[in-house]
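Chemist: Below you'll find the structure I mean.
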Protein chains: 2
Amino acid sequence: MAHELHEKGLRLTPQRELVLSAVRSLGHATPEEVAEKVRSTHPGINLSTVYRNLETLENVGLVLHTHLGHGGATYHAAEELTHLHLVCSDCGAIGDAPIDAAANFVNTLSDDYGFKTDVTHFAIYGLCAKCAEKNDQKKRTDGKTK
Amino acid sequence: MAHELHEKGLRLTPQRELVLSAVRSLGHATPEEVAEKVRSTHPGINLSTVYRNLETLENVGLVLHTHLGHGGATYHAAEELTHLHLVCSDCGAIGDAPIDAAANFVNTLSDDYGFKTDVTHFAIYGLCAKCAEKNDQKKRTDGKTK
DNA sequence: TAGGATCTTGCAAATTACTCGCAAGAACAA
DNA sequence: TTGTTCTTGCGAGTAATTTGCAAGATCCTA
Ligand SMILES: [Mn+2]
Ligand SMILES: [Mn+2]
Ligand SMILES: [Zn+2]
Ligand SMILES: [Zn+2]
């Protein structure tokens with residue numbers, strides 16, 4: 001019992017270690033991106049092995065998934081999920097904000113509804129500053145033109 | 001130019017009208033559920049017609065989609081999206097809360113990051129009151145047992 | 001109000017993103 | 001070592017959604 005995977009009761013395989021370190025080095029990544037990263041060291045790895053290891057690692061709490069877009073999930077190292085994701089519906093940019101920005105909101109939901117929010121599982125969706133400004137300008141121009 | 005679909009520049013077909021009214025009557029529904037509803041009146045409708053019309057109706061602002069779970073999207077009538085969705089990670093229950101509950105949060109993100117949040121596109125994810133309590137009890141029991 | 005341009009539908013096939021069954025190949029405890 | 005149990009690669013299987021296309025419907029226009 002020395003390696004962190006052993007501590008979680010998992011066998012230590014090269015594939016599993018590589019998947020974990022790929023997730024850690026990528027920040028957030030889709031299974032496909034994790035596979036691609038792993039292949040740079042271990043070309044033979046199968047996609048289903050990646051999927052299975054992501055699930056296993058999530059079960060023991062070493063990685064987590066979040067939803068940043070309309071489809072699929074992206075994976076994070078568990079210890080690194082310390083920010084909100086602000087996803088722009090217009091340009092797709094992914095910004096960060098500290099979790100504290102949601103502290104009051106989380107407390108409100110807890111106090112009023114007994115609901116214990118995990119603010120990181122889904123992204124916060126909307127318009128980034130740049131796109132919001134762009135849209136405002138267009139609206140003003142359209143107004144004059146009409 | 002009388003019918004609301006004409007006002008949006010769309011042709012009025014029975015399928016399109018039925019998809020729209022199915023979305024309106026269902027509250028929130030997956031494409032599959034919309035199709036099933038439409039089939040009660042128009043058995044022959046094809047699933048791809050439902051998908052295409054949901055997209056078209058969303059483009060002109062009559063319907064919207066949100067993400068309530070890990071996969072797929074669910075559709076709403078645009079005028080009816082007036083609440084947050086509180087989705088329980090444990091039991092899957094979908095609760096509602098008024099959008100106002102997020103007003104401060106939305107303002108914070110706007111003031112500090114210039115980010116204009118759409119709080120309804122993704123669900124708010126976490127533990128419902130029931131499951132949160134259940135988990136607490138289990139933790140206390142486990143503590144004594146160990 | 002017929003005729004034609006344009007849009008929409010149904011149907012079948014294609015795609016995408018996963019998931020599963022299985023036999024061979026590790027990993028680990030004894 | 002050796003046997004048990006877990007993990008991997010591989011191929012096939014699903015589920016959800018998308019696309020190409022030809023036939024059919026809607027709407028505009030003369
Ligand atoms: Mn979406
Ligand atoms: Mn999820
Ligand atoms: Zn943007
Ligand atoms: Zn629950």
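Residue numbering restarts at 1 in every chain; chains get A, B, ... in the order shown in the structure tokens, and ligands count up from 1 in that same order.
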For DT7 (chain D), work out the shell of residues within 9 Å, counting only C-alpha atoms (C1' of nucleotides) and skipping chain neighbours fewer than 3 positions away, then give it as a list in words.

Modeler: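 Surrounding residues, per the criterion: Arg11, Thr13 and Thr49 of chain A; DG25, DA26 and DA27 of chain C.
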
Chemist: Ligand 4: which residues are within 6 Å, counting only C-alpha atoms (C1' of nucleotides) and all ligand atoms? Reply as an MDAnalysis selection string.

Modeler: chainID B and resid 88 90:93 127:128 130:131

Chemist: I need the chosen residues saved as a short mmCIF file (atom, residue, chain, number, x, y, z; two decimals), in the first residue's frame, with N, CA and C atoms.

Modeler:
```
data_model
loop_
_atom_site.label_atom_id
_atom_site.label_comp_id
_atom_site.auth_asym_id
_atom_site.auth_seq_id
_atom_site.Cartn_x
_atom_site.Cartn_y
_atom_site.Cartn_z
N CYS B 88 -31.39 16.31 -8.47
CA CYS B 88 -30.70 15.55 -7.43
C CYS B 88 -29.80 14.48 -8.04
N ASP B 90 -28.56 12.07 -6.59
CA ASP B 90 -28.77 10.77 -5.95
C ASP B 90 -30.03 10.09 -6.48
N CYS B 91 -31.16 10.75 -6.35
CA CYS B 91 -32.44 10.11 -6.70
C CYS B 91 -32.97 10.59 -8.03
N GLY B 92 -32.35 11.60 -8.62
CA GLY B 92 -32.80 12.06 -9.92
C GLY B 92 -33.99 13.01 -9.89
N ALA B 93 -34.51 13.29 -8.71
CA ALA B 93 -35.66 14.18 -8.61
C ALA B 93 -35.35 15.54 -9.23
N LEU B 127 -27.75 17.66 -4.17
CA LEU B 127 -28.55 16.70 -3.43
C LEU B 127 -29.84 17.36 -2.97
N CYS B 128 -30.96 16.69 -3.25
CA CYS B 128 -32.24 17.19 -2.76
C CYS B 128 -32.28 17.04 -1.24
N LYS B 130 -34.20 15.50 0.77
CA LYS B 130 -34.40 14.13 1.25
C LYS B 130 -33.09 13.35 1.22
N CYS B 131 -32.43 13.39 0.08
CA CYS B 131 -31.20 12.60 -0.07
C CYS B 131 -30.07 13.18 0.79
#
```

Chemist: Using only C-alpha atoms (C1' of nucleotides), which of D:DA16, D:DA30, D:DA22, D:DC6 sits nearest chain B?

Modeler: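 Among D:DA16, D:DA30, D:DA22, D:DC6, it is D:DA16 that comes nearest to chain B.
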
Chemist: Using only C-alpha atoms (C1' of nucleotides) and all ligand atoms, what are the residues with an atom within 8 Å of ligand 2, set out as a list of chain:residue names?

Modeler: A:His65, A:Thr66, A:His67, A:Ala73, A:His121, A:Phe122, B:Gly69, B:His70, B:Gly71

Chemist: Write out as a VMD selection string the residues lying within 9 Å of Leu68 (chain A), counting only C-alpha atoms (C1' of nucleotides) and excluding same-chain residues fewer than 5 positions away.

Modeler: chain A and resid 73 to 74 85 to 87 94 121 to 125

Chemist: Would you save the residues of that selection, restricted to N, CA, C and O atoms, as a CSV table (one decimal), in the first residue's frame?

Modeler:
```
chain,number,residue,atom,x,y,z
A,73,ALA,N,-19.1,14.7,-21.7
A,73,ALA,CA,-18.6,15.2,-20.4
A,73,ALA,C,-17.1,15.4,-20.5
A,73,ALA,O,-16.5,14.9,-21.5
A,74,THR,N,-16.6,16.2,-19.6
A,74,THR,CA,-15.2,16.4,-19.6
A,74,THR,C,-14.7,16.1,-18.2
A,74,THR,O,-15.4,16.2,-17.3
A,85,HIS,N,-17.0,27.1,-14.1
A,85,HIS,CA,-16.8,27.3,-15.5
A,85,HIS,C,-17.8,28.2,-16.1
A,85,HIS,O,-19.0,27.9,-16.0
A,86,LEU,N,-17.4,29.2,-16.7
A,86,LEU,CA,-18.3,30.2,-17.4
A,86,LEU,C,-18.2,29.9,-18.9
A,86,LEU,O,-17.2,30.3,-19.5
A,87,VAL,N,-19.2,29.3,-19.5
A,87,VAL,CA,-19.1,28.9,-20.9
A,87,VAL,C,-20.0,29.9,-21.7
A,87,VAL,O,-21.1,30.1,-21.4
A,94,ILE,N,-14.3,29.3,-22.6
A,94,ILE,CA,-14.5,28.8,-21.3
A,94,ILE,C,-13.7,29.6,-20.3
A,94,ILE,O,-12.5,29.6,-20.2
A,121,HIS,N,-20.6,20.8,-11.3
A,121,HIS,CA,-20.9,19.7,-12.2
A,121,HIS,C,-21.4,20.2,-13.5
A,121,HIS,O,-21.0,19.6,-14.6
A,122,PHE,N,-22.3,21.2,-13.6
A,122,PHE,CA,-22.6,21.8,-14.8
A,122,PHE,C,-22.0,23.2,-14.9
A,122,PHE,O,-21.8,23.9,-13.9
A,123,ALA,N,-21.6,23.5,-16.2
A,123,ALA,CA,-21.1,24.8,-16.4
A,123,ALA,C,-22.1,25.9,-16.1
A,123,ALA,O,-23.3,25.6,-16.1
A,124,ILE,N,-21.6,27.1,-15.9
A,124,ILE,CA,-22.5,28.3,-15.9
A,124,ILE,C,-22.5,28.8,-17.3
A,124,ILE,O,-21.5,29.1,-17.9
A,125,TYR,N,-23.7,29.0,-17.9
A,125,TYR,CA,-23.9,29.2,-19.3
A,125,TYR,C,-24.3,30.6,-19.5
A,125,TYR,O,-25.2,31.2,-18.8
```

Chemist: Name the residues in contact with DC22 (chain C) at a cut-off of 12 Å, using only C-alpha atoms (C1' of nucleotides), excluding same-chain residues fewer than 5 positions from it; report them as an mmCIF file with all heavy atoms, in the first residue's frame.

Modeler:
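Result saved to result.cif:
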```
data_model
loop_
_atom_site.group_PDB
_atom_site.id
_atom_site.type_symbol
_atom_site.label_atom_id
_atom_site.label_comp_id
_atom_site.auth_asym_id
_atom_site.auth_seq_id
_atom_site.Cartn_x
_atom_site.Cartn_y
_atom_site.Cartn_z
ATOM 1 P P DT D 8 -6.918 -1.576 -17.470
ATOM 2 O OP1 DT D 8 -5.845 -0.563 -17.418
ATOM 3 O OP2 DT D 8 -8.328 -1.185 -17.372
ATOM 4 O "O5'" DT D 8 -6.704 -2.442 -18.786
ATOM 5 C "C5'" DT D 8 -5.449 -3.066 -18.977
ATOM 6 C "C4'" DT D 8 -5.424 -3.798 -20.312
ATOM 7 O "O4'" DT D 8 -6.316 -4.941 -20.229
ATOM 8 C "C3'" DT D 8 -5.913 -2.955 -21.482
ATOM 9 O "O3'" DT D 8 -4.896 -2.915 -22.486
ATOM 10 C "C2'" DT D 8 -7.178 -3.639 -21.973
ATOM 11 C "C1'" DT D 8 -7.069 -5.044 -21.402
ATOM 12 N N1 DT D 8 -8.362 -5.666 -20.987
ATOM 13 C C2 DT D 8 -8.694 -6.904 -21.459
ATOM 14 O O2 DT D 8 -7.996 -7.535 -22.229
ATOM 15 N N3 DT D 8 -9.892 -7.393 -21.002
ATOM 16 C C4 DT D 8 -10.763 -6.770 -20.129
ATOM 17 O O4 DT D 8 -11.806 -7.321 -19.770
ATOM 18 C C5 DT D 8 -10.359 -5.464 -19.675
ATOM 19 C C7 DT D 8 -11.243 -4.681 -18.725
ATOM 20 C C6 DT D 8 -9.197 -4.982 -20.127
ATOM 21 P P DG D 9 -5.028 -1.898 -23.695
ATOM 22 O OP1 DG D 9 -3.659 -1.431 -24.037
ATOM 23 O OP2 DG D 9 -6.094 -0.908 -23.414
ATOM 24 O "O5'" DG D 9 -5.537 -2.881 -24.843
ATOM 25 C "C5'" DG D 9 -4.717 -3.955 -25.243
ATOM 26 C "C4'" DG D 9 -5.443 -4.826 -26.259
ATOM 27 O "O4'" DG D 9 -6.612 -5.422 -25.645
ATOM 28 C "C3'" DG D 9 -5.944 -4.084 -27.498
ATOM 29 O "O3'" DG D 9 -5.633 -4.903 -28.621
ATOM 30 C "C2'" DG D 9 -7.460 -3.960 -27.251
ATOM 31 C "C1'" DG D 9 -7.767 -5.203 -26.435
ATOM 32 N N9 DG D 9 -8.874 -5.098 -25.488
ATOM 33 C C8 DG D 9 -9.179 -4.035 -24.675
ATOM 34 N N7 DG D 9 -10.210 -4.241 -23.890
ATOM 35 C C5 DG D 9 -10.608 -5.535 -24.201
ATOM 36 C C6 DG D 9 -11.680 -6.307 -23.667
ATOM 37 O O6 DG D 9 -12.499 -6.013 -22.790
ATOM 38 N N1 DG D 9 -11.747 -7.574 -24.253
ATOM 39 C C2 DG D 9 -10.885 -8.022 -25.235
ATOM 40 N N2 DG D 9 -11.099 -9.250 -25.673
ATOM 41 N N3 DG D 9 -9.871 -7.304 -25.741
ATOM 42 C C4 DG D 9 -9.797 -6.080 -25.174
ATOM 43 P P DC D 10 -5.745 -4.330 -30.083
ATOM 44 O OP1 DC D 10 -4.651 -4.936 -30.865
ATOM 45 O OP2 DC D 10 -5.913 -2.870 -30.043
ATOM 46 O "O5'" DC D 10 -7.108 -5.010 -30.542
ATOM 47 C "C5'" DC D 10 -7.283 -6.414 -30.355
ATOM 48 C "C4'" DC D 10 -8.722 -6.799 -30.649
ATOM 49 O "O4'" DC D 10 -9.520 -6.656 -29.459
ATOM 50 C "C3'" DC D 10 -9.386 -5.926 -31.721
ATOM 51 O "O3'" DC D 10 -9.899 -6.762 -32.733
ATOM 52 C "C2'" DC D 10 -10.475 -5.176 -30.976
ATOM 53 C "C1'" DC D 10 -10.777 -6.157 -29.833
ATOM 54 N N1 DC D 10 -11.431 -5.528 -28.657
ATOM 55 C C2 DC D 10 -12.364 -6.269 -27.924
ATOM 56 O O2 DC D 10 -12.593 -7.434 -28.257
ATOM 57 N N3 DC D 10 -12.978 -5.700 -26.864
ATOM 58 C C4 DC D 10 -12.708 -4.432 -26.527
ATOM 59 N N4 DC D 10 -13.334 -3.914 -25.475
ATOM 60 C C5 DC D 10 -11.759 -3.656 -27.264
ATOM 61 C C6 DC D 10 -11.151 -4.242 -28.303
ATOM 62 P P DG D 11 -10.446 -6.164 -34.110
ATOM 63 O OP1 DG D 11 -9.602 -6.710 -35.184
ATOM 64 O OP2 DG D 11 -10.655 -4.713 -33.980
ATOM 65 O "O5'" DG D 11 -11.863 -6.878 -34.183
ATOM 66 C "C5'" DG D 11 -12.082 -8.132 -33.527
ATOM 67 C "C4'" DG D 11 -13.555 -8.255 -33.236
ATOM 68 O "O4'" DG D 11 -13.849 -7.579 -31.984
ATOM 69 C "C3'" DG D 11 -14.429 -7.598 -34.309
ATOM 70 O "O3'" DG D 11 -15.493 -8.481 -34.643
ATOM 71 C "C2'" DG D 11 -14.886 -6.302 -33.660
ATOM 72 C "C1'" DG D 11 -14.925 -6.672 -32.181
ATOM 73 N N9 DG D 11 -14.753 -5.542 -31.278
ATOM 74 C C8 DG D 11 -13.921 -4.444 -31.436
ATOM 75 N N7 DG D 11 -13.997 -3.591 -30.452
ATOM 76 C C5 DG D 11 -14.942 -4.150 -29.587
ATOM 77 C C6 DG D 11 -15.447 -3.679 -28.345
ATOM 78 O O6 DG D 11 -15.158 -2.651 -27.746
ATOM 79 N N1 DG D 11 -16.395 -4.548 -27.805
ATOM 80 C C2 DG D 11 -16.781 -5.716 -28.392
ATOM 81 N N2 DG D 11 -17.707 -6.427 -27.736
ATOM 82 N N3 DG D 11 -16.327 -6.183 -29.550
ATOM 83 C C4 DG D 11 -15.411 -5.344 -30.091
ATOM 84 P P DA D 12 -16.629 -8.014 -35.692
ATOM 85 O OP1 DA D 12 -16.850 -9.159 -36.593
ATOM 86 O OP2 DA D 12 -16.279 -6.672 -36.225
ATOM 87 O "O5'" DA D 12 -17.892 -7.863 -34.753
ATOM 88 C "C5'" DA D 12 -18.137 -8.849 -33.746
ATOM 89 C "C4'" DA D 12 -19.241 -8.344 -32.850
ATOM 90 O "O4'" DA D 12 -18.742 -7.266 -32.013
ATOM 91 C "C3'" DA D 12 -20.420 -7.772 -33.644
ATOM 92 O "O3'" DA D 12 -21.623 -8.260 -33.076
ATOM 93 C "C2'" DA D 12 -20.240 -6.260 -33.502
ATOM 94 C "C1'" DA D 12 -19.617 -6.154 -32.108
ATOM 95 N N9 DA D 12 -18.838 -4.935 -31.877
ATOM 96 C C8 DA D 12 -17.927 -4.335 -32.705
ATOM 97 N N7 DA D 12 -17.389 -3.237 -32.213
ATOM 98 C C5 DA D 12 -17.998 -3.103 -30.969
ATOM 99 C C6 DA D 12 -17.869 -2.147 -29.943
ATOM 100 N N6 DA D 12 -17.048 -1.090 -30.018
ATOM 101 N N1 DA D 12 -18.623 -2.314 -28.845
ATOM 102 C C2 DA D 12 -19.446 -3.372 -28.776
ATOM 103 N N3 DA D 12 -19.650 -4.342 -29.662
ATOM 104 C C4 DA D 12 -18.891 -4.150 -30.754
#
```

Chemist: Compile the contact shell of region 54-62 of chain A as a list in words: residues with an atom at most 9 Å away, counting only C-alpha atoms (C1' of nucleotides), same-chain residues fewer than 3 positions apart removed.

Modeler: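 These residues fall inside the cut-off: Leu5, Lys8, Gly9, Leu10, Arg16, Val19, Leu20, Val23, Pro31, Thr49, Val50, Tyr51, His65, Tyr75, His76, Ala77, Ala78 and Glu79 of chain A.
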
Chemist: Generate the output file for the selected residues, N, CA and C atoms, as a CSV table (one decimal), in the first residue's frame.

Modeler:
```
chain,number,residue,atom,x,y,z
A,5,LEU,N,-3.0,4.6,-6.2
A,5,LEU,CA,-4.0,3.7,-6.8
A,5,LEU,C,-4.3,2.5,-5.8
A,8,LYS,N,-6.5,3.2,-3.0
A,8,LYS,CA,-7.9,3.2,-3.3
A,8,LYS,C,-8.4,1.8,-3.7
A,9,GLY,N,-7.6,0.8,-3.5
A,9,GLY,CA,-8.0,-0.5,-3.7
A,9,GLY,C,-8.0,-0.9,-5.2
A,10,LEU,N,-7.2,-0.2,-6.0
A,10,LEU,CA,-7.2,-0.5,-7.4
A,10,LEU,C,-5.9,-1.1,-7.8
A,16,ARG,N,-3.9,2.6,-16.5
A,16,ARG,CA,-4.6,3.3,-15.5
A,16,ARG,C,-3.8,4.5,-15.0
A,19,VAL,N,-3.8,7.2,-17.7
A,19,VAL,CA,-5.1,7.9,-17.8
A,19,VAL,C,-5.2,9.0,-16.7
A,20,LEU,N,-4.9,8.6,-15.5
A,20,LEU,CA,-4.9,9.5,-14.4
A,20,LEU,C,-4.0,10.7,-14.7
A,23,VAL,N,-5.4,13.1,-17.3
A,23,VAL,CA,-6.4,13.9,-16.8
A,23,VAL,C,-5.8,15.1,-16.0
A,31,PRO,N,-13.0,12.2,-23.0
A,31,PRO,CA,-12.3,10.9,-23.1
A,31,PRO,C,-11.4,10.7,-24.3
A,49,THR,N,-10.7,1.1,-22.9
A,49,THR,CA,-9.9,1.1,-21.7
A,49,THR,C,-9.9,2.5,-21.0
A,50,VAL,N,-9.8,3.5,-21.8
A,50,VAL,CA,-9.9,4.9,-21.3
A,50,VAL,C,-11.2,5.1,-20.6
A,51,TYR,N,-12.3,4.8,-21.3
A,51,TYR,CA,-13.6,5.0,-20.7
A,51,TYR,C,-13.8,4.2,-19.4
A,65,HIS,N,-16.3,14.3,-13.4
A,65,HIS,CA,-16.6,14.9,-14.7
A,65,HIS,C,-17.5,16.1,-14.5
A,75,TYR,N,-13.5,15.5,-18.2
A,75,TYR,CA,-12.9,15.0,-16.9
A,75,TYR,C,-11.9,15.9,-16.3
A,76,HIS,N,-11.9,16.0,-15.0
A,76,HIS,CA,-11.0,16.8,-14.2
A,76,HIS,C,-10.3,15.9,-13.2
A,77,ALA,N,-9.1,16.3,-12.8
A,77,ALA,CA,-8.6,15.7,-11.6
A,77,ALA,C,-9.4,16.3,-10.4
A,78,ALA,N,-9.7,15.4,-9.5
A,78,ALA,CA,-10.6,15.7,-8.4
A,78,ALA,C,-10.1,16.9,-7.6
A,79,GLU,N,-8.8,16.9,-7.3
A,79,GLU,CA,-8.2,17.9,-6.4
A,79,GLU,C,-8.2,19.3,-7.1
```

Chemist: Both chains have the same sequence, so superpose chain A on chain B over all Cα atoms paired in order and return it as a compact mmCIF listing (two decimals) with C-alpha atoms, in the first residue's frame.

Modeler:
```
# COMPACT_ATOMS: atom_id res chain seq x y z
CA MET A 1 -49.83 36.56 -41.30
CA ALA A 2 -52.07 35.41 -38.54
CA HIS A 3 -50.75 32.18 -37.11
CA GLU A 4 -47.80 32.44 -34.75
CA LEU A 5 -45.74 30.19 -37.01
CA HIS A 6 -46.38 32.50 -39.95
CA GLU A 7 -45.35 35.43 -37.85
CA LYS A 8 -41.99 33.77 -37.41
CA GLY A 9 -41.68 33.22 -41.15
CA LEU A 10 -42.31 29.49 -40.93
CA ARG A 11 -44.67 27.35 -42.93
CA LEU A 12 -47.53 25.89 -41.05
CA THR A 13 -47.52 22.13 -41.26
CA PRO A 14 -49.47 19.77 -39.04
CA GLN A 15 -46.24 18.18 -37.84
CA ARG A 16 -44.76 21.50 -36.84
CA GLU A 17 -47.84 22.61 -35.02
CA LEU A 18 -48.05 19.31 -33.21
CA VAL A 19 -44.44 19.41 -32.13
CA LEU A 20 -44.91 22.89 -30.74
CA SER A 21 -48.03 22.02 -28.82
CA ALA A 22 -46.47 18.81 -27.54
CA VAL A 23 -43.57 20.80 -26.11
CA ARG A 24 -46.03 23.21 -24.53
CA SER A 25 -48.13 20.52 -22.95
CA LEU A 26 -45.23 18.41 -21.71
CA GLY A 27 -43.39 21.01 -19.65
CA HIS A 28 -40.00 19.58 -20.39
CA ALA A 29 -39.47 16.71 -22.71
CA THR A 30 -36.84 14.89 -24.69
CA PRO A 31 -37.20 14.67 -28.48
CA GLU A 32 -38.27 11.08 -28.01
CA GLU A 33 -41.01 12.09 -25.59
CA VAL A 34 -42.17 14.83 -27.92
CA ALA A 35 -42.39 12.30 -30.73
CA GLU A 36 -44.38 9.93 -28.60
CA LYS A 37 -46.83 12.65 -27.67
CA VAL A 38 -47.24 13.77 -31.27
CA ARG A 39 -47.87 10.19 -32.35
CA SER A 40 -51.05 10.07 -30.33
CA THR A 41 -52.58 12.40 -32.92
CA HIS A 42 -50.33 11.87 -35.91
CA PRO A 43 -48.95 8.33 -35.74
CA GLY A 44 -46.86 8.56 -38.87
CA ILE A 45 -44.52 11.34 -37.75
CA ASN A 46 -40.88 10.58 -38.19
CA LEU A 47 -38.33 11.12 -35.46
CA SER A 48 -36.14 13.18 -37.73
CA THR A 49 -39.06 15.48 -38.41
CA VAL A 50 -39.34 16.02 -34.68
CA TYR A 51 -35.64 16.79 -34.36
CA ARG A 52 -35.77 19.15 -37.31
CA ASN A 53 -38.79 20.99 -36.00
CA LEU A 54 -37.39 21.33 -32.53
CA GLU A 55 -34.32 22.94 -34.04
CA THR A 56 -36.38 25.20 -36.29
CA LEU A 57 -38.66 26.25 -33.45
CA GLU A 58 -35.64 26.94 -31.29
CA ASN A 59 -34.12 29.10 -34.01
CA VAL A 60 -37.14 31.38 -34.06
CA GLY A 61 -37.36 31.49 -30.30
CA LEU A 62 -40.53 29.51 -29.70
CA VAL A 63 -38.82 26.70 -27.81
CA LEU A 64 -35.59 26.34 -25.84
CA HIS A 65 -33.53 23.45 -24.66
CA THR A 66 -31.95 22.84 -21.30
CA HIS A 67 -29.74 20.12 -19.86
CA LEU A 68 -31.20 18.36 -16.88
CA GLY A 69 -29.07 15.25 -16.79
CA HIS A 70 -25.74 13.84 -17.90
CA GLY A 71 -26.90 13.29 -21.45
CA GLY A 72 -29.26 14.70 -24.04
CA ALA A 73 -31.31 17.88 -23.96
CA THR A 74 -34.87 18.55 -22.97
CA TYR A 75 -37.15 21.06 -24.61
CA HIS A 76 -39.33 23.77 -23.13
CA ALA A 77 -41.78 26.25 -24.48
CA ALA A 78 -39.88 29.51 -24.51
CA GLU A 79 -42.49 31.48 -22.57
CA GLU A 80 -42.52 28.90 -19.83
CA LEU A 81 -38.86 28.87 -18.86
CA THR A 82 -39.29 30.88 -15.70
CA HIS A 83 -37.66 28.67 -13.10
CA LEU A 84 -34.40 27.01 -12.19
CA HIS A 85 -34.14 23.25 -12.28
CA LEU A 86 -32.73 21.63 -9.18
CA VAL A 87 -31.65 18.15 -10.17
CA CYS A 88 -30.77 15.61 -7.50
CA SER A 89 -27.66 13.58 -8.27
CA ASP A 90 -28.89 10.80 -6.03
CA CYS A 91 -32.55 10.15 -6.79
CA GLY A 92 -32.89 12.13 -10.01
CA ALA A 93 -35.74 14.27 -8.73
CA ILE A 94 -36.21 17.53 -10.58
CA GLY A 95 -37.24 20.41 -8.35
CA ASP A 96 -37.98 24.00 -9.26
CA ALA A 97 -36.89 27.30 -7.82
CA PRO A 98 -37.70 30.80 -8.99
CA ILE A 99 -35.09 32.45 -11.17
CA ASP A 100 -34.85 35.23 -8.62
CA ALA A 101 -33.07 32.83 -6.29
CA ALA A 102 -30.09 33.29 -8.59
CA ALA A 103 -30.39 37.04 -9.05
CA ASN A 104 -27.50 37.96 -6.78
CA PHE A 105 -25.28 35.31 -8.26
CA VAL A 106 -26.05 36.54 -11.77
CA ASN A 107 -25.28 40.11 -10.73
CA THR A 108 -21.99 39.10 -9.15
CA LEU A 109 -20.84 37.37 -12.31
CA SER A 110 -21.92 40.33 -14.38
CA ASP A 111 -20.20 42.90 -12.16
CA ASP A 112 -16.99 40.98 -11.53
CA TYR A 113 -16.49 39.20 -14.85
CA GLY A 114 -18.78 40.89 -17.34
CA PHE A 115 -20.39 37.50 -17.81
CA LYS A 116 -24.11 37.50 -18.66
CA THR A 117 -25.46 34.29 -17.18
CA ASP A 118 -28.35 32.26 -18.49
CA VAL A 119 -29.15 30.25 -15.37
CA THR A 120 -31.71 28.04 -17.02
CA HIS A 121 -29.65 26.43 -19.75
CA PHE A 122 -27.97 23.97 -17.40
CA ALA A 123 -29.65 22.50 -14.38
CA ILE A 124 -28.47 23.25 -10.87
CA TYR A 125 -27.01 19.97 -9.70
CA GLY A 126 -26.77 18.61 -6.19
CA LEU A 127 -28.63 16.73 -3.48
CA CYS A 128 -32.32 17.26 -2.83
CA ALA A 129 -33.40 17.79 0.77
CA LYS A 130 -34.54 14.20 1.16
CA CYS A 131 -31.32 12.65 -0.16
CA ALA A 132 -29.14 15.12 1.73
CA GLU A 133 -30.79 14.05 4.96
CA LYS A 134 -30.53 10.37 4.09
CA ASN A 135 -26.80 10.82 3.44
CA ASP A 136 -26.28 12.64 6.71
CA GLN A 137 -27.94 9.86 8.64
CA LYS A 138 -25.85 7.24 6.95
CA LYS A 139 -22.69 9.16 7.76
CA ARG A 140 -23.65 9.38 11.41
CA THR A 141 -24.48 5.67 11.59
CA ASP A 142 -21.25 4.71 9.85
CA GLY A 143 -19.36 6.85 12.31
CA LYS A 144 -20.78 4.98 15.29
CA THR A 145 -20.32 1.57 13.70
CA LYS A 146 -16.67 1.96 12.84
```

Chemist: If we count only C-alpha atoms (C1' of nucleotides) and set the cut-off at 9 Å, which residues sit around region 2-7 of chain C, ignoring sequence neighbours fewer than 3 positions away in its own chain? Please answer as number ranges by chain.

Modeler: B: 11; D: 25-28

Chemist: To test your reading of the structure, identify every residue in region 2-145 of chain A that backbone DSSP assigns to strand (DSSP E or B), and report it as a ChimeraX atom specification.

Modeler: /A:29,63-67,74-77,83-88,94-98,116-117,122,124-127

Chemist: Enumerate the residues of region 20-59 of chain B with a DSSP assignment of alpha helix (DSSP H), computed from the backbone, and present them as an NGL selection string.

Modeler: :B and (20-26 or 31-39 or 47-59)

Chemist: Give me a file of those residues, with C-alpha atoms, as a short mmCIF file (atom, residue, chain, number, x, y, z; two decimals), in the first residue's frame.

Modeler:
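What landed in again_21.cif:
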```cif
data_model
loop_
_atom_site.label_atom_id
_atom_site.label_comp_id
_atom_site.auth_asym_id
_atom_site.auth_seq_id
_atom_site.Cartn_x
_atom_site.Cartn_y
_atom_site.Cartn_z
CA LEU B 20 -44.91 22.96 -30.82
CA SER B 21 -48.07 22.15 -28.95
CA ALA B 22 -46.57 18.92 -27.63
CA VAL B 23 -43.65 20.87 -26.16
CA ARG B 24 -46.09 23.32 -24.63
CA SER B 25 -48.24 20.68 -23.06
CA LEU B 26 -45.40 18.52 -21.79
CA PRO B 31 -37.33 14.63 -28.45
CA GLU B 32 -38.49 11.05 -27.99
CA GLU B 33 -41.22 12.14 -25.60
CA VAL B 34 -42.32 14.87 -27.94
CA ALA B 35 -42.53 12.35 -30.75
CA GLU B 36 -44.61 10.01 -28.64
CA LYS B 37 -47.03 12.79 -27.76
CA VAL B 38 -47.37 13.88 -31.36
CA ARG B 39 -48.03 10.33 -32.45
CA LEU B 47 -38.47 11.07 -35.40
CA SER B 48 -36.19 13.08 -37.64
CA THR B 49 -39.06 15.43 -38.40
CA VAL B 50 -39.41 16.00 -34.68
CA TYR B 51 -35.69 16.71 -34.30
CA ARG B 52 -35.72 19.07 -37.26
CA ASN B 53 -38.74 20.95 -36.02
CA LEU B 54 -37.39 21.29 -32.52
CA GLU B 55 -34.30 22.85 -33.99
CA THR B 56 -36.28 25.14 -36.27
CA LEU B 57 -38.59 26.23 -33.48
CA GLU B 58 -35.61 26.89 -31.27
CA ASN B 59 -33.99 29.02 -33.98
#
```
